[in-house]
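See below for structure-v1.cif, which holds mmCIF, C-alpha atoms.
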data_model
#
loop_
_atom_site.group_PDB
_atom_site.id
_atom_site.type_symbol
_atom_site.label_atom_id
_atom_site.label_comp_id
_atom_site.auth_asym_id
_atom_site.auth_seq_id
_atom_site.Cartn_x
_atom_site.Cartn_y
_atom_site.Cartn_z
ATOM 1 C CA ALA A 16 133.468 93.025 84.369
ATOM 2 C CA GLN A 17 130.724 92.131 81.957
ATOM 3 C CA SER A 18 131.280 93.489 78.488
ATOM 4 C CA VAL A 19 130.208 93.218 74.868
ATOM 5 C CA THR A 20 132.645 93.992 72.075
ATOM 6 C CA GLN A 21 131.911 94.762 68.461
ATOM 7 C CA PRO A 22 135.313 94.876 66.766
ATOM 8 C CA ASP A 23 134.153 96.608 63.598
ATOM 9 C CA ILE A 24 133.114 100.238 63.942
ATOM 10 C CA HIS A 25 132.163 100.643 60.292
ATOM 11 C CA ILE A 26 131.487 98.092 57.543
ATOM 12 C CA THR A 27 130.735 98.802 53.896
ATOM 13 C CA VAL A 28 129.176 96.211 51.591
ATOM 14 C CA SER A 29 127.627 96.249 48.145
ATOM 15 C CA GLU A 30 123.942 95.641 47.746
ATOM 16 C CA GLY A 31 123.313 91.940 47.248
ATOM 17 C CA ALA A 32 126.517 90.920 49.012
ATOM 18 C CA SER A 33 126.567 88.832 52.153
ATOM 19 C CA LEU A 34 127.092 90.392 55.562
ATOM 20 C CA GLU A 35 128.598 89.300 58.839
ATOM 21 C CA LEU A 36 128.810 91.572 61.891
ATOM 22 C CA ARG A 37 130.951 90.351 64.747
ATOM 23 C CA CYS A 38 130.121 90.349 68.439
ATOM 24 C CA ASN A 39 132.043 88.939 71.394
ATOM 25 C CA TYR A 40 130.950 88.909 74.993
ATOM 26 C CA SER A 41 132.607 88.510 78.338
ATOM 27 C CA TYR A 42 130.277 87.287 81.056
ATOM 28 C CA GLY A 43 130.627 84.958 84.025
ATOM 29 C CA ALA A 44 128.019 82.617 82.605
ATOM 30 C CA THR A 45 126.376 82.384 79.218
ATOM 31 C CA PRO A 46 124.182 85.460 78.976
ATOM 32 C CA TYR A 47 121.086 86.186 77.006
ATOM 33 C CA LEU A 48 122.183 87.718 73.689
ATOM 34 C CA PHE A 49 120.493 90.190 71.385
ATOM 35 C CA TRP A 50 120.981 92.117 68.179
ATOM 36 C CA TYR A 51 119.305 95.501 67.736
ATOM 37 C CA VAL A 52 119.221 97.876 64.778
ATOM 38 C CA GLN A 53 119.021 101.654 65.007
ATOM 39 C CA SER A 54 118.209 103.914 62.067
ATOM 40 C CA PRO A 55 118.803 107.679 62.310
ATOM 41 C CA GLY A 56 116.141 109.323 64.458
ATOM 42 C CA GLN A 57 114.684 105.969 65.410
ATOM 43 C CA GLY A 58 114.735 103.890 68.525
ATOM 44 C CA LEU A 59 116.319 100.478 68.793
ATOM 45 C CA GLN A 60 114.511 97.624 67.098
ATOM 46 C CA LEU A 61 115.093 94.029 68.155
ATOM 47 C CA LEU A 62 116.323 91.834 65.279
ATOM 48 C CA LEU A 63 116.744 88.576 67.158
ATOM 49 C CA LYS A 64 117.612 87.054 70.507
ATOM 50 C CA TYR A 65 119.264 83.964 71.930
ATOM 51 C CA PHE A 66 118.301 82.529 75.279
ATOM 52 C CA SER A 67 119.122 78.826 74.946
ATOM 53 C CA GLY A 68 118.706 75.856 72.654
ATOM 54 C CA ASP A 69 119.431 75.942 68.938
ATOM 55 C CA THR A 70 122.577 77.995 68.408
ATOM 56 C CA LEU A 71 121.411 79.347 65.033
ATOM 57 C CA VAL A 72 118.744 81.974 65.602
ATOM 58 C CA GLN A 73 116.492 83.415 62.950
ATOM 59 C CA GLY A 74 115.286 86.990 63.188
ATOM 60 C CA ILE A 75 113.339 89.583 61.301
ATOM 61 C CA LYS A 76 114.306 91.121 57.941
ATOM 62 C CA GLY A 77 116.193 87.989 56.891
ATOM 63 C CA PHE A 78 118.860 88.209 59.594
ATOM 64 C CA GLU A 79 120.269 85.278 61.516
ATOM 65 C CA ALA A 80 122.882 84.910 64.234
ATOM 66 C CA GLU A 81 124.977 82.032 65.458
ATOM 67 C CA PHE A 82 125.938 81.527 69.088
ATOM 68 C CA LYS A 83 129.345 79.931 69.598
ATOM 69 C CA ARG A 84 130.091 79.234 73.233
ATOM 70 C CA SER A 85 133.707 78.215 72.598
ATOM 71 C CA GLN A 86 134.416 81.570 70.991
ATOM 72 C CA SER A 87 132.117 83.681 73.200
ATOM 73 C CA SER A 88 130.656 85.044 70.001
ATOM 74 C CA PHE A 89 127.254 85.872 68.596
ATOM 75 C CA ASN A 90 127.776 87.037 65.028
ATOM 76 C CA LEU A 91 124.983 88.468 62.908
ATOM 77 C CA ARG A 92 124.626 87.411 59.281
ATOM 78 C CA LYS A 93 122.531 88.130 56.241
ATOM 79 C CA PRO A 94 123.004 86.339 52.904
ATOM 80 C CA SER A 95 122.035 89.281 50.682
ATOM 81 C CA VAL A 96 122.048 92.877 51.892
ATOM 82 C CA HIS A 97 119.480 95.426 50.741
ATOM 83 C CA TRP A 98 120.059 99.186 50.638
ATOM 84 C CA SER A 99 117.448 99.583 53.372
ATOM 85 C CA ASP A 100 119.685 97.603 55.762
ATOM 86 C CA ALA A 101 121.999 100.595 56.095
ATOM 87 C CA ALA A 102 121.862 101.494 59.788
ATOM 88 C CA GLU A 103 123.762 101.008 63.031
ATOM 89 C CA TYR A 104 123.714 97.571 64.600
ATOM 90 C CA PHE A 105 124.155 96.832 68.282
ATOM 91 C CA CYS A 106 124.914 93.566 69.990
ATOM 92 C CA ALA A 107 123.714 93.352 73.591
ATOM 93 C CA ALA A 108 123.737 90.919 76.477
ATOM 94 C CA SER A 109 122.116 90.472 79.852
ATOM 95 C CA ASN A 110 122.397 88.057 82.728
ATOM 96 C CA ALA A 111 120.378 84.948 82.061
ATOM 97 C CA GLY A 112 117.407 84.125 84.190
ATOM 98 C CA GLY A 113 114.873 86.243 85.990
ATOM 99 C CA THR A 114 117.280 88.621 87.684
ATOM 100 C CA SER A 115 118.230 90.602 84.621
ATOM 101 C CA TYR A 116 115.590 93.262 85.239
ATOM 102 C CA GLY A 117 115.947 94.650 81.747
ATOM 103 C CA LYS A 118 119.569 95.664 82.194
ATOM 104 C CA LEU A 119 121.298 95.230 78.877
ATOM 105 C CA THR A 120 124.997 95.721 78.217
ATOM 106 C CA PHE A 121 125.524 97.003 74.690
ATOM 107 C CA GLY A 122 128.489 96.913 72.377
ATOM 108 C CA GLN A 123 129.631 100.177 70.825
ATOM 109 C CA GLY A 124 127.842 99.461 67.582
ATOM 110 C CA THR A 125 128.725 98.785 63.950
ATOM 111 C CA ILE A 126 127.675 101.249 61.267
ATOM 112 C CA LEU A 127 126.661 99.499 58.067
ATOM 113 C CA THR A 128 126.921 101.350 54.761
ATOM 114 C CA VAL A 129 125.426 99.732 51.671
ATOM 115 C CA HIS A 130 126.704 100.709 48.216
ATOM 116 C CA PRO A 131 124.365 100.315 45.221
ATOM 117 C CA ASP B 20 98.616 101.001 69.556
ATOM 118 C CA ALA B 21 101.117 103.672 70.509
ATOM 119 C CA GLY B 22 104.626 102.521 71.145
ATOM 120 C CA VAL B 23 107.013 104.081 73.633
ATOM 121 C CA THR B 24 106.803 107.857 73.452
ATOM 122 C CA GLN B 25 109.405 110.260 74.776
ATOM 123 C CA SER B 26 109.340 114.012 75.221
ATOM 124 C CA PRO B 27 110.802 116.337 74.320
ATOM 125 C CA THR B 28 112.636 115.068 71.235
ATOM 126 C CA HIS B 29 115.380 117.660 71.556
ATOM 127 C CA LEU B 30 116.561 119.815 74.434
ATOM 128 C CA ILE B 31 119.332 122.342 74.935
ATOM 129 C CA LYS B 32 120.542 123.220 78.425
ATOM 130 C CA THR B 33 123.546 124.932 79.951
ATOM 131 C CA ARG B 34 125.981 123.545 82.492
ATOM 132 C CA GLY B 35 124.651 123.478 86.026
ATOM 133 C CA GLN B 36 121.016 123.418 85.027
ATOM 134 C CA GLN B 37 118.537 120.672 85.768
ATOM 135 C CA VAL B 38 116.537 118.732 83.185
ATOM 136 C CA THR B 39 113.512 116.409 83.204
ATOM 137 C CA LEU B 40 112.840 113.919 80.450
ATOM 138 C CA ARG B 41 109.567 112.061 80.102
ATOM 139 C CA CYS B 42 108.557 108.621 78.890
ATOM 140 C CA SER B 43 105.218 106.951 78.299
ATOM 141 C CA PRO B 44 105.527 103.188 77.985
ATOM 142 C CA LYS B 45 103.895 101.043 75.377
ATOM 143 C CA SER B 46 100.298 100.252 76.192
ATOM 144 C CA GLY B 47 100.100 97.362 78.639
ATOM 145 C CA HIS B 48 103.686 97.699 79.825
ATOM 146 C CA ASP B 49 104.471 98.389 83.469
ATOM 147 C CA THR B 50 108.271 98.583 83.567
ATOM 148 C CA VAL B 51 110.441 101.407 82.312
ATOM 149 C CA SER B 52 114.211 101.394 81.819
ATOM 150 C CA TRP B 53 116.365 104.380 80.939
ATOM 151 C CA TYR B 54 119.551 104.338 78.879
ATOM 152 C CA GLN B 55 122.113 106.984 77.959
ATOM 153 C CA GLN B 56 123.684 106.799 74.491
ATOM 154 C CA ALA B 57 126.662 109.076 73.983
ATOM 155 C CA LEU B 58 127.710 109.911 70.436
ATOM 156 C CA GLY B 59 129.415 106.940 68.812
ATOM 157 C CA GLN B 60 128.697 104.632 71.738
ATOM 158 C CA GLY B 61 126.212 101.963 72.603
ATOM 159 C CA PRO B 62 123.448 102.688 75.115
ATOM 160 C CA GLN B 63 124.348 102.457 78.798
ATOM 161 C CA PHE B 64 121.815 101.360 81.399
ATOM 162 C CA ILE B 65 120.895 104.072 83.892
ATOM 163 C CA PHE B 66 118.101 102.501 85.952
ATOM 164 C CA GLN B 67 114.787 100.696 85.825
ATOM 165 C CA TYR B 68 111.447 101.443 87.459
ATOM 166 C CA TYR B 69 108.754 98.967 88.364
ATOM 167 C CA GLU B 70 105.842 99.472 90.747
ATOM 168 C CA GLU B 71 106.981 103.065 91.193
ATOM 169 C CA GLU B 72 110.313 102.018 92.658
ATOM 170 C CA GLU B 73 113.851 101.966 91.307
ATOM 171 C CA ARG B 74 114.658 98.265 90.957
ATOM 172 C CA GLN B 75 118.128 98.265 89.491
ATOM 173 C CA ARG B 76 120.690 100.918 88.781
ATOM 174 C CA GLY B 77 123.681 101.175 86.500
ATOM 175 C CA ASN B 78 126.917 103.022 87.155
ATOM 176 C CA PHE B 79 125.569 106.562 87.172
ATOM 177 C CA PRO B 80 125.957 109.238 89.874
ATOM 178 C CA ASP B 81 123.162 110.390 92.141
ATOM 179 C CA ARG B 82 122.658 113.420 89.911
ATOM 180 C CA PHE B 83 120.588 111.020 87.832
ATOM 181 C CA SER B 84 117.255 110.261 89.450
ATOM 182 C CA GLY B 85 113.902 109.112 88.297
ATOM 183 C CA HIS B 86 110.307 108.559 89.090
ATOM 184 C CA GLN B 87 107.507 106.318 87.964
ATOM 185 C CA PHE B 88 103.881 107.350 88.218
ATOM 186 C CA PRO B 89 100.834 105.157 88.895
ATOM 187 C CA ASN B 90 100.012 105.164 85.167
ATOM 188 C CA TYR B 91 103.510 103.637 84.586
ATOM 189 C CA SER B 92 104.915 106.709 82.847
ATOM 190 C CA SER B 93 108.328 107.775 84.007
ATOM 191 C CA GLU B 94 110.614 110.769 84.339
ATOM 192 C CA LEU B 95 114.378 110.983 84.270
ATOM 193 C CA ASN B 96 115.889 113.928 86.136
ATOM 194 C CA VAL B 97 119.456 115.094 85.831
ATOM 195 C CA ASN B 98 120.783 117.759 88.183
ATOM 196 C CA ALA B 99 123.869 119.950 87.890
ATOM 197 C CA LEU B 100 124.300 119.187 84.202
ATOM 198 C CA LEU B 101 127.797 118.600 82.855
ATOM 199 C CA LEU B 102 128.974 118.857 79.272
ATOM 200 C CA GLY B 103 129.457 115.093 79.360
ATOM 201 C CA ASP B 104 125.751 114.573 79.951
ATOM 202 C CA SER B 105 125.123 115.486 76.315
ATOM 203 C CA ALA B 106 123.657 112.331 74.804
ATOM 204 C CA LEU B 107 120.608 110.598 73.436
ATOM 205 C CA TYR B 108 118.460 109.359 76.319
ATOM 206 C CA LEU B 109 116.434 106.284 75.495
ATOM 207 C CA CYS B 110 113.475 104.912 77.344
ATOM 208 C CA ALA B 111 112.506 101.259 77.039
ATOM 209 C CA SER B 112 109.386 99.591 78.328
ATOM 210 C CA SER B 113 108.500 96.001 79.050
ATOM 211 C CA LEU B 114 105.929 93.893 80.782
ATOM 212 C CA GLY B 115 107.389 92.788 84.080
ATOM 213 C CA ARG B 116 110.956 92.843 85.263
ATOM 214 C CA ALA B 117 112.309 89.647 83.764
ATOM 215 C CA ALA B 118 111.276 90.495 80.241
ATOM 216 C CA ASN B 119 114.354 91.398 78.226
ATOM 217 C CA GLU B 120 112.873 89.707 75.237
ATOM 218 C CA LYS B 121 110.105 92.255 75.080
ATOM 219 C CA LEU B 122 111.963 95.519 75.496
ATOM 220 C CA PHE B 123 110.496 98.237 73.283
ATOM 221 C CA PHE B 124 112.544 101.411 72.828
ATOM 222 C CA GLY B 125 111.398 104.946 72.215
ATOM 223 C CA SER B 126 113.110 107.247 69.700
ATOM 224 C CA GLY B 127 114.858 109.097 72.488
ATOM 225 C CA THR B 128 115.458 112.626 73.704
ATOM 226 C CA GLN B 129 118.566 114.332 72.355
ATOM 227 C CA LEU B 130 120.054 116.432 75.162
ATOM 228 C CA SER B 131 122.718 119.008 74.401
ATOM 229 C CA VAL B 132 124.521 120.674 77.288
ATOM 230 C CA LEU B 133 126.357 123.880 76.405
#
Once you've parsed the file, please lay out its structure as structure tokens.
Amino acid sequence: AQSVTQPDIHITVSEGASLELRCNYSYGATPYLFWYVQSPGQGLQLLLKYFSGDTLVQGIKGFEAEFKRSQSSFNLRKPSVHWSDAAEYFCAASNAGGTSYGKLTFGQGTILTVHP
Amino acid sequence: DAGVTQSPTHLIKTRGQQVTLRCSPKSGHDTVSWYQQALGQGPQFIFQYYEEEERQRGNFPDRFSGHQFPNYSSELNVNALLLGDSALYLCASSLGRAANEKLFFGSGTQLSVL
């Protein structure tokens, strides 16, 4: 079965520290990969996506993610965290190609707390 | 330019009742997908509507049904509510069916079943 796993339920970092959120996927073929952020009372906002090509993907708000096929991973990183980054982060995947029809499989999420 | 709007924002129902949630897609979008997000979980795909037809469905029972209107807005209906249906219901819109990269999510409807 297709699945996305985020091993860390909750991560706490200090403001200014670097951040890495882990994501692993299990799909028959390399899927499309996404990272979304959700703040309380808000919908999901797309941070970045990987379809193909360069394995290091740049996104909004200074985030980047690296696709590693050998490890079936798509980890999210940020070199210096700001207090406003505190939120819940979701990794998601979908079948590649035109048959995905908007069906995303999400991980369970990682809650990020930022200490001043 | 309005984004994806959902109504109501909060709803309380009792077991066995029926509920209808509404979604207006982002301007210019013609495809609507619905997701259920239980507390502490990631969203789960319910189904997607395009050209007023259900195009793909996730692993949800027939109690979950939907509709898309000619103006592309959509409704999610849940019959015979169970306590386990308590969740945040998210609507996402896109242009076309093969457009994951352009999914825009609404803020959701929080459904509580007592």
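Separating CA of Glu73 (chain B) from CA of Ser67 (chain A) is a distance of 28.8 Å.
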Using all atoms listed in the file, which chain A residues lie at most 6 Å away from chain B, written as a tab-separated table (two decimals) with C-alpha atoms, in the coordinates of the input?
chain	number	residue	atom	x	y	z
A	57	GLN	CA	114.68	105.97	65.41
A	58	GLY	CA	114.74	103.89	68.53
A	59	LEU	CA	116.32	100.48	68.79
A	113	GLY	CA	114.87	86.24	85.99
A	116	TYR	CA	115.59	93.26	85.24
A	117	GLY	CA	115.95	94.65	81.75
A	121	PHE	CA	125.52	97.00	74.69
A	122	GLY	CA	128.49	96.91	72.38
A	123	GLN	CA	129.63	100.18	70.82
A	124	GLY	CA	127.84	99.46	67.58
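Atom to atom, CA of Lys118 (chain A) and CA of Tyr42 (chain A) stand 13.6 Å apart.
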message: On this structure, the PyMOL selection byres ((chain B and resi 25) around 6) would catch which residues? List them as an NGL selection string, sorted by chain and number.
response: :B and (24 or 26 or 41-42)
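Across the model, the gap from CA of Gly31 (chain A) to CA of Leu63 (chain A) is 21.2 Å.
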Target residues per the PyMOL selection byres ((chain B and resi 21) around 10), formatted as a ChimeraX atom specification: /B:20,22-24,43-46
message: Calculated over all atoms listed in the file, which of the candidates B:Gln36, B:Asn96, B:Tyr108, B:Gln87 has the smallest distance to Leu133 (chain B)?
response: B:Gln36
message: Please expand the PyMOL selection byres ((chain A and resi 69) around 12) into the concrete residues it hits in this file, giving the result as a VMD selection string.
response: chain A and resid 64 to 68 70 to 73 79 to 84
For those residues, write C-alpha atoms to a file as a PDB file, in the coordinates of the input.
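Below is the file result17.pdb, written as the result:
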ATOM      1  CA  LYS A  64     117.612  87.054  70.507  1.00  0.00           C
ATOM      2  CA  TYR A  65     119.264  83.964  71.930  1.00  0.00           C
ATOM      3  CA  PHE A  66     118.301  82.529  75.279  1.00  0.00           C
ATOM      4  CA  SER A  67     119.122  78.826  74.946  1.00  0.00           C
ATOM      5  CA  GLY A  68     118.706  75.856  72.654  1.00  0.00           C
ATOM      6  CA  THR A  70     122.577  77.995  68.408  1.00  0.00           C
ATOM      7  CA  LEU A  71     121.411  79.347  65.033  1.00  0.00           C
ATOM      8  CA  VAL A  72     118.744  81.974  65.602  1.00  0.00           C
ATOM      9  CA  GLN A  73     116.492  83.415  62.950  1.00  0.00           C
ATOM     10  CA  GLU A  79     120.269  85.278  61.516  1.00  0.00           C
ATOM     11  CA  ALA A  80     122.882  84.910  64.234  1.00  0.00           C
ATOM     12  CA  GLU A  81     124.977  82.032  65.458  1.00  0.00           C
ATOM     13  CA  PHE A  82     125.938  81.527  69.088  1.00  0.00           C
ATOM     14  CA  LYS A  83     129.345  79.931  69.598  1.00  0.00           C
ATOM     15  CA  ARG A  84     130.091  79.234  73.233  1.00  0.00           C
TER      16      ARG A  84
END
- request: Taking (118.5, 93.8, 71.0) in the file's own coordinates, collect the residues within 6 Å, counting all atoms listed in the file, and hand them back as a ChimeraX atom specification.
  value: /A:49-51,61,107
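Shortest separation to His29 (chain B) among A:Gly56, A:Asn110, A:Ala32, A:Gly43 occurs at residue A:Gly56, atoms counted being only C-alpha atoms.
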query: Which polymer residues have any atom within 10 Å of an atom of Ala44 (chain A), counting only C-alpha atoms, with same-chain residues fewer than 3 positions away left out, as number ranges by chain?
result: A: 17, 41, 47, 110-111
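Restricting the calculation to only C-alpha atoms, the smallest distance between Arg37 (chain A) and any of A:His25, A:Lys76, A:His130, A:His97 is found for A:His25.
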query: So which one's closest to Gln55 (chain B), A:Pro55, A:Thr120, A:Leu127, A:Phe89? Using all atoms listed in the file, please.
result: A:Thr120
message: For Lys93 (chain A), find every residue with an atom within 6 Å (counting all atoms listed in the file), except residues of its own chain fewer than 2 positions away, and show them as a list in words.
response: Ser33, Leu34, Phe78 and Ser95 of chain A
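Among the candidate residues A:Ala102, A:Leu119, A:Ile126, A:Ala108, the one lying nearest to Ser54 (chain A) is A:Ala102, with distances computed using all atoms listed in the file.
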- request: Just the residues within 9 Å of Asn98 (chain B), please, counting all atoms listed in the file, with nothing from its chain fewer than 6 positions along; format it as a VMD selection string.
  value: chain B and resid 35 to 39 81 to 84
Write region 84-110 of chain A as an mmCIF file, keeping the file's coordinate frame, completed to N, CA, C and O atoms.
data_model
loop_
_atom_site.group_PDB
_atom_site.id
_atom_site.type_symbol
_atom_site.label_atom_id
_atom_site.label_comp_id
_atom_site.auth_asym_id
_atom_site.auth_seq_id
_atom_site.Cartn_x
_atom_site.Cartn_y
_atom_site.Cartn_z
ATOM 1 N N ARG A 84 129.645 79.148 71.844
ATOM 2 C CA ARG A 84 130.091 79.234 73.233
ATOM 3 C C ARG A 84 131.612 79.213 73.330
ATOM 4 O O ARG A 84 132.200 79.969 74.103
ATOM 5 N N SER A 85 132.241 78.374 72.524
ATOM 6 C CA SER A 85 133.707 78.215 72.598
ATOM 7 C C SER A 85 134.435 79.505 72.239
ATOM 8 O O SER A 85 135.560 79.740 72.683
ATOM 9 N N GLN A 86 133.792 80.325 71.417
ATOM 10 C CA GLN A 86 134.416 81.570 70.991
ATOM 11 C C GLN A 86 133.795 82.788 71.672
ATOM 12 O O GLN A 86 134.184 83.922 71.376
ATOM 13 N N SER A 87 132.839 82.573 72.549
ATOM 14 C CA SER A 87 132.117 83.681 73.200
ATOM 15 C C SER A 87 131.658 84.692 72.155
ATOM 16 O O SER A 87 131.840 85.911 72.299
ATOM 17 N N SER A 88 131.053 84.158 71.094
ATOM 18 C CA SER A 88 130.656 85.044 70.001
ATOM 19 C C SER A 88 129.191 84.862 69.648
ATOM 20 O O SER A 88 128.580 83.824 69.928
ATOM 21 N N PHE A 89 128.661 85.882 69.044
ATOM 22 C CA PHE A 89 127.254 85.872 68.596
ATOM 23 C C PHE A 89 127.197 86.766 67.371
ATOM 24 O O PHE A 89 126.755 87.908 67.410
ATOM 25 N N ASN A 90 127.652 86.244 66.252
ATOM 26 C CA ASN A 90 127.776 87.037 65.028
ATOM 27 C C ASN A 90 126.464 87.085 64.253
ATOM 28 O O ASN A 90 125.755 86.073 64.138
ATOM 29 N N LEU A 91 126.197 88.227 63.688
ATOM 30 C CA LEU A 91 124.983 88.468 62.908
ATOM 31 C C LEU A 91 125.285 88.301 61.440
ATOM 32 O O LEU A 91 126.306 88.801 60.953
ATOM 33 N N ARG A 92 124.388 87.644 60.706
ATOM 34 C CA ARG A 92 124.626 87.411 59.281
ATOM 35 C C ARG A 92 123.366 87.699 58.477
ATOM 36 O O ARG A 92 122.242 87.611 58.985
ATOM 37 N N LYS A 93 123.618 88.014 57.206
ATOM 38 C CA LYS A 93 122.531 88.130 56.241
ATOM 39 C C LYS A 93 123.091 87.740 54.883
ATOM 40 O O LYS A 93 124.150 88.245 54.478
ATOM 41 N N PRO A 94 122.429 86.850 54.164
ATOM 42 C CA PRO A 94 123.004 86.339 52.904
ATOM 43 C C PRO A 94 123.037 87.372 51.792
ATOM 44 O O PRO A 94 123.938 87.346 50.953
ATOM 45 N N SER A 95 122.088 88.297 51.766
ATOM 46 C CA SER A 95 122.035 89.281 50.682
ATOM 47 C C SER A 95 121.517 90.602 51.256
ATOM 48 O O SER A 95 120.361 90.702 51.647
ATOM 49 N N VAL A 96 122.378 91.595 51.264
ATOM 50 C CA VAL A 96 122.048 92.877 51.892
ATOM 51 C C VAL A 96 121.256 93.767 50.942
ATOM 52 O O VAL A 96 121.553 93.844 49.740
ATOM 53 N N HIS A 97 120.279 94.462 51.493
ATOM 54 C CA HIS A 97 119.480 95.426 50.741
ATOM 55 C C HIS A 97 119.875 96.829 51.182
ATOM 56 O O HIS A 97 120.333 97.037 52.308
ATOM 57 N N TRP A 98 119.667 97.819 50.305
ATOM 58 C CA TRP A 98 120.059 99.186 50.638
ATOM 59 C C TRP A 98 119.385 99.651 51.924
ATOM 60 O O TRP A 98 119.944 100.442 52.697
ATOM 61 N N SER A 99 118.184 99.151 52.186
ATOM 62 C CA SER A 99 117.448 99.583 53.372
ATOM 63 C C SER A 99 118.049 99.027 54.671
ATOM 64 O O SER A 99 117.606 99.410 55.761
ATOM 65 N N ASP A 100 119.034 98.132 54.559
ATOM 66 C CA ASP A 100 119.685 97.603 55.762
ATOM 67 C C ASP A 100 120.722 98.566 56.333
ATOM 68 O O ASP A 100 121.238 98.331 57.437
ATOM 69 N N ALA A 101 121.033 99.619 55.596
ATOM 70 C CA ALA A 101 121.999 100.595 56.095
ATOM 71 C C ALA A 101 121.492 101.208 57.395
ATOM 72 O O ALA A 101 120.392 101.785 57.441
ATOM 73 N N ALA A 102 122.277 101.062 58.448
ATOM 74 C CA ALA A 102 121.862 101.494 59.788
ATOM 75 C C ALA A 102 123.016 101.194 60.734
ATOM 76 O O ALA A 102 124.090 100.758 60.319
ATOM 77 N N GLU A 103 122.785 101.405 62.028
ATOM 78 C CA GLU A 103 123.762 101.008 63.031
ATOM 79 C C GLU A 103 123.219 99.797 63.779
ATOM 80 O O GLU A 103 122.047 99.763 64.153
ATOM 81 N N TYR A 104 124.102 98.830 63.996
ATOM 82 C CA TYR A 104 123.714 97.571 64.600
ATOM 83 C C TYR A 104 124.419 97.412 65.943
ATOM 84 O O TYR A 104 125.634 97.631 66.055
ATOM 85 N N PHE A 105 123.635 96.996 66.936
ATOM 86 C CA PHE A 105 124.155 96.832 68.282
ATOM 87 C C PHE A 105 123.939 95.409 68.759
ATOM 88 O O PHE A 105 122.824 94.875 68.681
ATOM 89 N N CYS A 106 124.999 94.827 69.285
ATOM 90 C CA CYS A 106 124.914 93.566 69.990
ATOM 91 C C CYS A 106 124.746 93.885 71.470
ATOM 92 O O CYS A 106 125.327 94.861 71.977
ATOM 93 N N ALA A 107 123.951 93.091 72.170
ATOM 94 C CA ALA A 107 123.714 93.352 73.591
ATOM 95 C C ALA A 107 123.595 92.034 74.341
ATOM 96 O O ALA A 107 123.293 90.988 73.749
ATOM 97 N N ALA A 108 123.816 92.106 75.640
ATOM 98 C CA ALA A 108 123.737 90.919 76.477
ATOM 99 C C ALA A 108 123.148 91.281 77.834
ATOM 100 O O ALA A 108 123.219 92.434 78.266
ATOM 101 N N SER A 109 122.583 90.286 78.478
ATOM 102 C CA SER A 109 122.116 90.472 79.852
ATOM 103 C C SER A 109 122.291 89.174 80.610
ATOM 104 O O SER A 109 122.409 88.096 80.005
ATOM 105 N N ASN A 110 122.322 89.273 81.921
ATOM 106 C CA ASN A 110 122.397 88.057 82.728
ATOM 107 C C ASN A 110 121.207 87.166 82.429
ATOM 108 O O ASN A 110 120.080 87.639 82.272
#
